[in-house]
Protein chains: 2
Amino acid sequence: MSQVETKLTIVVRADLGMGRGKIAAQAAHAAVSAALASLGTADFRAWLRDGQPKVVLRASSAEQLDSLVALASAEGLPVQVIHDAGRTQVAEGTPTCGAIGPAEASRIDAITGELPLL
Amino acid sequence: MSQVETKLTIVVRADLGMGRGKIAAQAAHAAVSAALASLGTADFRAWLRDGQPKVVLRASSAEQLDSLVALASAEGLPVQVIHDAGRTQVAEGTPTCGAIGPAEASRIDAITGELPLL
C-alpha cells in the first residue's frame, strides 16, 4: 500500500441521536461539498491519486464542531459545515457535521488529532 | 420546501458488520465518486439545485447489491460500486456499497423501491 499523504476528515456530531443511515447521508453531503469546493486544486488532485482517503471522527457538541472548524479555517484549511435540511430526525438548520480538507494529512491531524473515531 | 425531483441513492451492505463510522466513510466515497462521474450533466446540475438529496438504503448481501446495480445500469442510470481499500474492518476489494444517480428520483425508485432505509 502506498503512503497516504492527504485526507478528508469528516467530523460528525454524536449528540444528536442520528441513526447510522442519517449519519451516512450527512457525511456524504459533507464529502461531496468538500470535493466540489476543491475541484482543480493541487490538494484535490493529490487526494484523488491517494484514493480519496476519508476519516470520520466524533464531536460531542455543536460548540466542539464549531471550534474545530474555526481553527481549521484559521489555519487555511478548506472547511464545509453541513446544516440539515430538516426533513427527518433533526430540526432544520442544525449543524450535523463538518468536513476539513482534502488537504495534507498532517495539517488536519494537528487540529483533529484528539478526536475519537466515530 | 420545493419539490425534490432528483436524488442520489446509496445502497449499503448491512451484512458486513461495519460500524457507523466505516459506513459513513464508504457512503461518502460512493457519493463523491457519483458526483465526480456526473459533473457537467443536466442531472448533476438539477441535483445540486435540489440541494443534493441523498437516501441511504440497506442491502443484505453482495448478491443483492450487485443485482440492483446491474439493473440500474441496464436502465441507463449512473452507478458506482465502492470496493474497500481493506485498511480496516473488511477484506481488501470487498464491495461495501453502491451509488445510483444522481438522477430523476422516480427512475431510481423504480429499482430500489423495495429496499428499507439503512
# chains A, B, ... in the order shown; residues from 1 in each chain; ligands from 1
>>> select_by_dssp(residues="chain B", states="helix (DSSP H, G or I)", output="PyMOL selection string")
chain B and resi 20-38+42-49+62-74+105-112
>>> interface_residues(of="chain B", to="chain A", cutoff="8 Å", atoms="only C-alpha atoms", output="compact mmCIF listing (two decimals) with all heavy atoms, in the first residue's frame")
# COMPACT_ATOMS: atom_id res chain seq x y z
N ARG B 20 -20.64 2.42 12.36
CA ARG B 20 -21.28 3.58 11.73
C ARG B 20 -20.29 4.54 11.08
O ARG B 20 -20.61 5.19 10.09
CB ARG B 20 -22.17 4.32 12.74
CG ARG B 20 -21.41 4.91 13.91
CD ARG B 20 -22.36 5.54 14.92
NE ARG B 20 -21.58 6.18 15.99
CZ ARG B 20 -22.09 6.91 16.96
NH1 ARG B 20 -23.39 7.09 17.03
NH2 ARG B 20 -21.31 7.47 17.86
N GLY B 21 -19.08 4.62 11.64
CA GLY B 21 -18.06 5.49 11.04
C GLY B 21 -17.56 4.92 9.73
O GLY B 21 -17.36 5.65 8.75
N LYS B 22 -17.38 3.61 9.71
CA LYS B 22 -16.96 2.93 8.48
C LYS B 22 -18.04 3.08 7.40
O LYS B 22 -17.74 3.37 6.24
CB LYS B 22 -16.73 1.45 8.80
CG LYS B 22 -16.37 0.58 7.62
CD LYS B 22 -14.91 0.71 7.30
CE LYS B 22 -14.50 -0.23 6.19
NZ LYS B 22 -13.08 -0.07 5.87
N ILE B 23 -19.28 2.89 7.80
CA ILE B 23 -20.39 3.05 6.84
C ILE B 23 -20.41 4.48 6.30
O ILE B 23 -20.57 4.70 5.09
CB ILE B 23 -21.74 2.71 7.52
CG1 ILE B 23 -21.85 1.21 7.75
CG2 ILE B 23 -22.92 3.23 6.69
CD1 ILE B 23 -23.07 0.80 8.57
N ALA B 24 -20.23 5.45 7.19
CA ALA B 24 -20.24 6.85 6.75
C ALA B 24 -19.13 7.12 5.75
O ALA B 24 -19.34 7.81 4.73
CB ALA B 24 -20.12 7.78 7.96
N ALA B 25 -17.95 6.56 5.99
CA ALA B 25 -16.82 6.78 5.08
C ALA B 25 -17.08 6.13 3.72
O ALA B 25 -16.79 6.71 2.67
CB ALA B 25 -15.53 6.24 5.71
N ALA B 27 -20.05 5.42 2.39
CA ALA B 27 -21.14 6.16 1.72
C ALA B 27 -20.61 7.47 1.15
O ALA B 27 -21.00 7.89 0.04
CB ALA B 27 -22.28 6.42 2.71
N ALA B 28 -19.71 8.11 1.89
CA ALA B 28 -19.11 9.35 1.40
C ALA B 28 -18.30 9.09 0.15
O ALA B 28 -18.34 9.87 -0.82
CB ALA B 28 -18.23 9.97 2.50
N HIS B 29 -17.59 7.98 0.14
CA HIS B 29 -16.79 7.61 -1.03
C HIS B 29 -17.71 7.40 -2.24
O HIS B 29 -17.44 7.89 -3.35
CB HIS B 29 -16.00 6.35 -0.72
CG HIS B 29 -14.82 6.14 -1.62
ND1 HIS B 29 -13.54 6.05 -1.16
CD2 HIS B 29 -14.73 6.03 -2.96
CE1 HIS B 29 -12.71 5.87 -2.18
NE2 HIS B 29 -13.41 5.85 -3.28
N ALA B 30 -18.80 6.71 -2.03
CA ALA B 30 -19.75 6.46 -3.11
C ALA B 30 -20.34 7.76 -3.64
O ALA B 30 -20.47 7.97 -4.85
CB ALA B 30 -20.87 5.53 -2.63
N ALA B 31 -20.68 8.66 -2.73
CA ALA B 31 -21.31 9.92 -3.13
C ALA B 31 -20.33 10.81 -3.90
O ALA B 31 -20.69 11.43 -4.91
CB ALA B 31 -21.83 10.66 -1.89
N VAL B 32 -19.09 10.88 -3.42
CA VAL B 32 -18.09 11.69 -4.13
C VAL B 32 -17.83 11.10 -5.52
O VAL B 32 -17.77 11.84 -6.51
CB VAL B 32 -16.77 11.77 -3.32
CG1 VAL B 32 -15.66 12.39 -4.16
CG2 VAL B 32 -16.99 12.59 -2.05
N ALA B 35 -20.75 11.94 -7.75
CA ALA B 35 -20.77 13.36 -8.11
C ALA B 35 -19.71 13.67 -9.16
O ALA B 35 -19.99 14.34 -10.17
CB ALA B 35 -20.56 14.23 -6.86
N GLN B 52 -28.78 18.55 -3.40
CA GLN B 52 -28.04 17.28 -3.26
C GLN B 52 -28.77 16.23 -2.43
O GLN B 52 -28.16 15.61 -1.55
CB GLN B 52 -26.71 17.48 -2.54
CG GLN B 52 -25.62 18.24 -3.20
CD GLN B 52 -24.33 18.06 -2.37
OE1 GLN B 52 -24.05 17.01 -1.78
NE2 GLN B 52 -23.53 19.09 -2.30
N LYS B 54 -30.01 12.96 -0.77
CA LYS B 54 -29.42 11.61 -0.70
C LYS B 54 -30.28 10.72 0.16
O LYS B 54 -30.81 11.16 1.19
CB LYS B 54 -28.03 11.67 -0.07
CG LYS B 54 -27.02 12.42 -0.87
CD LYS B 54 -25.74 12.61 -0.10
CE LYS B 54 -24.97 13.79 -0.66
NZ LYS B 54 -25.64 15.08 -0.37
N VAL B 55 -30.38 9.48 -0.24
CA VAL B 55 -31.08 8.48 0.55
C VAL B 55 -30.13 7.30 0.72
O VAL B 55 -29.45 6.91 -0.23
CB VAL B 55 -32.37 8.03 -0.16
CG1 VAL B 55 -33.07 6.93 0.63
CG2 VAL B 55 -33.30 9.21 -0.34
N VAL B 56 -30.09 6.76 1.92
CA VAL B 56 -29.19 5.63 2.19
C VAL B 56 -30.04 4.41 2.52
O VAL B 56 -30.80 4.41 3.49
CB VAL B 56 -28.22 5.95 3.34
CG1 VAL B 56 -27.26 4.78 3.57
CG2 VAL B 56 -27.42 7.22 3.03
N LEU B 57 -29.92 3.37 1.69
CA LEU B 57 -30.74 2.17 1.82
C LEU B 57 -29.87 0.97 2.17
O LEU B 57 -28.66 1.02 2.08
CB LEU B 57 -31.49 1.90 0.50
CG LEU B 57 -32.37 3.05 -0.01
CD1 LEU B 57 -33.02 2.66 -1.34
CD2 LEU B 57 -33.43 3.43 1.02
N LEU B 117 -34.75 1.61 4.46
CA LEU B 117 -33.70 2.55 4.86
C LEU B 117 -32.66 1.80 5.68
O LEU B 117 -32.98 0.86 6.40
CB LEU B 117 -34.30 3.68 5.72
CG LEU B 117 -35.22 4.67 5.00
CD1 LEU B 117 -35.90 5.57 6.02
CD2 LEU B 117 -34.44 5.51 3.99
N LEU B 118 -31.40 2.28 5.56
CA LEU B 118 -30.35 1.66 6.37
C LEU B 118 -30.63 1.94 7.84
O LEU B 118 -30.38 1.12 8.69
CB LEU B 118 -28.98 2.22 5.97
CG LEU B 118 -27.82 1.67 6.80
CD1 LEU B 118 -27.59 0.20 6.52
CD2 LEU B 118 -26.55 2.47 6.54
>>> closest_residue(among="B:Leu48, B:Leu16, B:Leu77, B:Ala72", to="Glu104 of chain B", atoms="only C-alpha atoms")
B:Leu77
>>> select_by_dssp(residues="chain B", states="strand (DSSP E or B)", output="PyMOL selection string")
chain B and resi 6-13+54-59+79-83+95-104+117
>>> write_last_selection(atoms="N, CA, C and O atoms", output="CSV table (one decimal), in the first residue's frame")
chain,number,residue,atom,x,y,z
B,6,THR,N,-34.8,15.1,-8.0
B,6,THR,CA,-33.7,14.2,-8.3
B,6,THR,C,-33.2,13.7,-6.9
B,6,THR,O,-33.5,14.2,-5.9
B,7,LYS,N,-32.3,12.7,-7.0
B,7,LYS,CA,-31.7,12.2,-5.8
B,7,LYS,C,-30.5,11.3,-6.2
B,7,LYS,O,-30.3,10.9,-7.3
B,8,LEU,N,-29.7,11.1,-5.1
B,8,LEU,CA,-28.6,10.1,-5.2
B,8,LEU,C,-29.0,9.1,-4.2
B,8,LEU,O,-29.1,9.4,-3.0
B,9,THR,N,-29.0,7.8,-4.6
B,9,THR,CA,-29.3,6.8,-3.6
B,9,THR,C,-28.1,5.9,-3.4
B,9,THR,O,-27.4,5.5,-4.4
B,10,ILE,N,-27.8,5.7,-2.1
B,10,ILE,CA,-26.6,4.9,-1.8
B,10,ILE,C,-27.1,3.7,-1.1
B,10,ILE,O,-27.9,3.7,-0.1
B,11,VAL,N,-26.7,2.5,-1.6
B,11,VAL,CA,-27.1,1.2,-1.1
B,11,VAL,C,-25.9,0.6,-0.4
B,11,VAL,O,-24.9,0.4,-1.0
B,12,VAL,N,-26.1,0.4,0.9
B,12,VAL,CA,-25.0,-0.1,1.8
B,12,VAL,C,-25.3,-1.5,2.2
B,12,VAL,O,-26.4,-1.9,2.6
B,13,ARG,N,-24.3,-2.4,2.1
B,13,ARG,CA,-24.4,-3.7,2.6
B,13,ARG,C,-24.4,-3.7,4.2
B,13,ARG,O,-23.5,-3.2,4.8
B,54,LYS,N,-30.0,13.0,-0.8
B,54,LYS,CA,-29.4,11.6,-0.7
B,54,LYS,C,-30.3,10.7,0.2
B,54,LYS,O,-30.8,11.2,1.2
B,55,VAL,N,-30.4,9.5,-0.2
B,55,VAL,CA,-31.1,8.5,0.6
B,55,VAL,C,-30.1,7.3,0.7
B,55,VAL,O,-29.5,6.9,-0.2
B,56,VAL,N,-30.1,6.8,1.9
B,56,VAL,CA,-29.2,5.6,2.2
B,56,VAL,C,-30.0,4.4,2.5
B,56,VAL,O,-30.8,4.4,3.5
B,57,LEU,N,-29.9,3.4,1.7
B,57,LEU,CA,-30.7,2.2,1.8
B,57,LEU,C,-29.9,1.0,2.2
B,57,LEU,O,-28.7,1.0,2.1
B,58,ARG,N,-30.5,-0.1,2.6
B,58,ARG,CA,-29.9,-1.3,3.1
B,58,ARG,C,-30.0,-2.5,2.1
B,58,ARG,O,-31.1,-2.9,1.8
B,59,ALA,N,-28.9,-3.1,1.8
B,59,ALA,CA,-28.8,-4.3,1.1
B,59,ALA,C,-28.3,-5.4,2.0
B,59,ALA,O,-27.5,-5.1,2.9
B,79,VAL,N,-24.1,4.5,-12.2
B,79,VAL,CA,-23.8,3.7,-11.0
B,79,VAL,C,-22.3,3.7,-10.6
B,79,VAL,O,-21.5,3.9,-11.5
B,80,GLN,N,-22.1,3.6,-9.3
B,80,GLN,CA,-20.7,3.4,-8.8
B,80,GLN,C,-20.7,2.3,-7.8
B,80,GLN,O,-21.7,2.3,-6.9
B,81,VAL,N,-19.8,1.4,-7.8
B,81,VAL,CA,-19.7,0.4,-6.7
B,81,VAL,C,-18.3,0.7,-6.0
B,81,VAL,O,-17.3,0.9,-6.7
B,82,ILE,N,-18.4,0.7,-4.7
B,82,ILE,CA,-17.2,1.0,-3.9
B,82,ILE,C,-16.7,-0.3,-3.4
B,82,ILE,O,-17.4,-1.1,-2.7
B,83,HIS,N,-15.4,-0.5,-3.6
B,83,HIS,CA,-14.7,-1.7,-3.1
B,83,HIS,C,-13.7,-1.2,-2.0
B,83,HIS,O,-12.9,-0.2,-2.2
B,95,PRO,N,-16.9,-5.4,-2.0
B,95,PRO,CA,-17.9,-4.4,-2.3
B,95,PRO,C,-18.7,-4.0,-1.1
B,95,PRO,O,-19.3,-4.9,-0.5
B,96,THR,N,-18.7,-2.7,-0.7
B,96,THR,CA,-19.3,-2.3,0.5
B,96,THR,C,-20.6,-1.6,0.3
B,96,THR,O,-21.6,-1.6,1.1
B,97,CYS,N,-20.7,-0.8,-0.8
B,97,CYS,CA,-21.9,0.0,-1.1
B,97,CYS,C,-21.9,0.4,-2.6
B,97,CYS,O,-20.8,0.3,-3.3
B,98,GLY,N,-23.0,0.9,-3.0
B,98,GLY,CA,-23.1,1.4,-4.4
B,98,GLY,C,-23.9,2.7,-4.4
B,98,GLY,O,-24.8,2.9,-3.6
B,99,ALA,N,-23.6,3.5,-5.4
B,99,ALA,CA,-24.4,4.7,-5.6
B,99,ALA,C,-25.2,4.6,-6.9
B,99,ALA,O,-24.6,4.1,-7.9
B,100,ILE,N,-26.4,5.0,-6.9
B,100,ILE,CA,-27.3,5.1,-8.1
B,100,ILE,C,-27.7,6.5,-8.2
B,100,ILE,O,-28.4,7.0,-7.4
B,101,GLY,N,-27.3,7.2,-9.3
B,101,GLY,CA,-27.7,8.6,-9.5
B,101,GLY,C,-26.4,9.4,-9.5
B,101,GLY,O,-25.3,8.8,-9.5
B,102,PRO,N,-26.5,10.7,-9.4
B,102,PRO,CA,-27.8,11.5,-9.3
B,102,PRO,C,-28.6,11.3,-10.6
B,102,PRO,O,-28.1,11.4,-11.7
B,103,ALA,N,-29.9,11.2,-10.4
B,103,ALA,CA,-30.9,11.1,-11.5
B,103,ALA,C,-32.3,11.4,-11.0
B,103,ALA,O,-32.5,11.6,-9.8
B,104,GLU,N,-33.2,11.3,-11.9
B,104,GLU,CA,-34.6,11.6,-11.6
B,104,GLU,C,-35.0,10.6,-10.5
B,104,GLU,O,-34.8,9.4,-10.6
B,117,LEU,N,-34.7,1.6,4.5
B,117,LEU,CA,-33.7,2.6,4.9
B,117,LEU,C,-32.7,1.8,5.7
B,117,LEU,O,-33.0,0.9,6.4
>>> closest_residue(among="B:Ile111, B:Val69, B:Glu5, B:Gly17", to="Thr88 of chain B", atoms="only C-alpha atoms")
B:Gly17
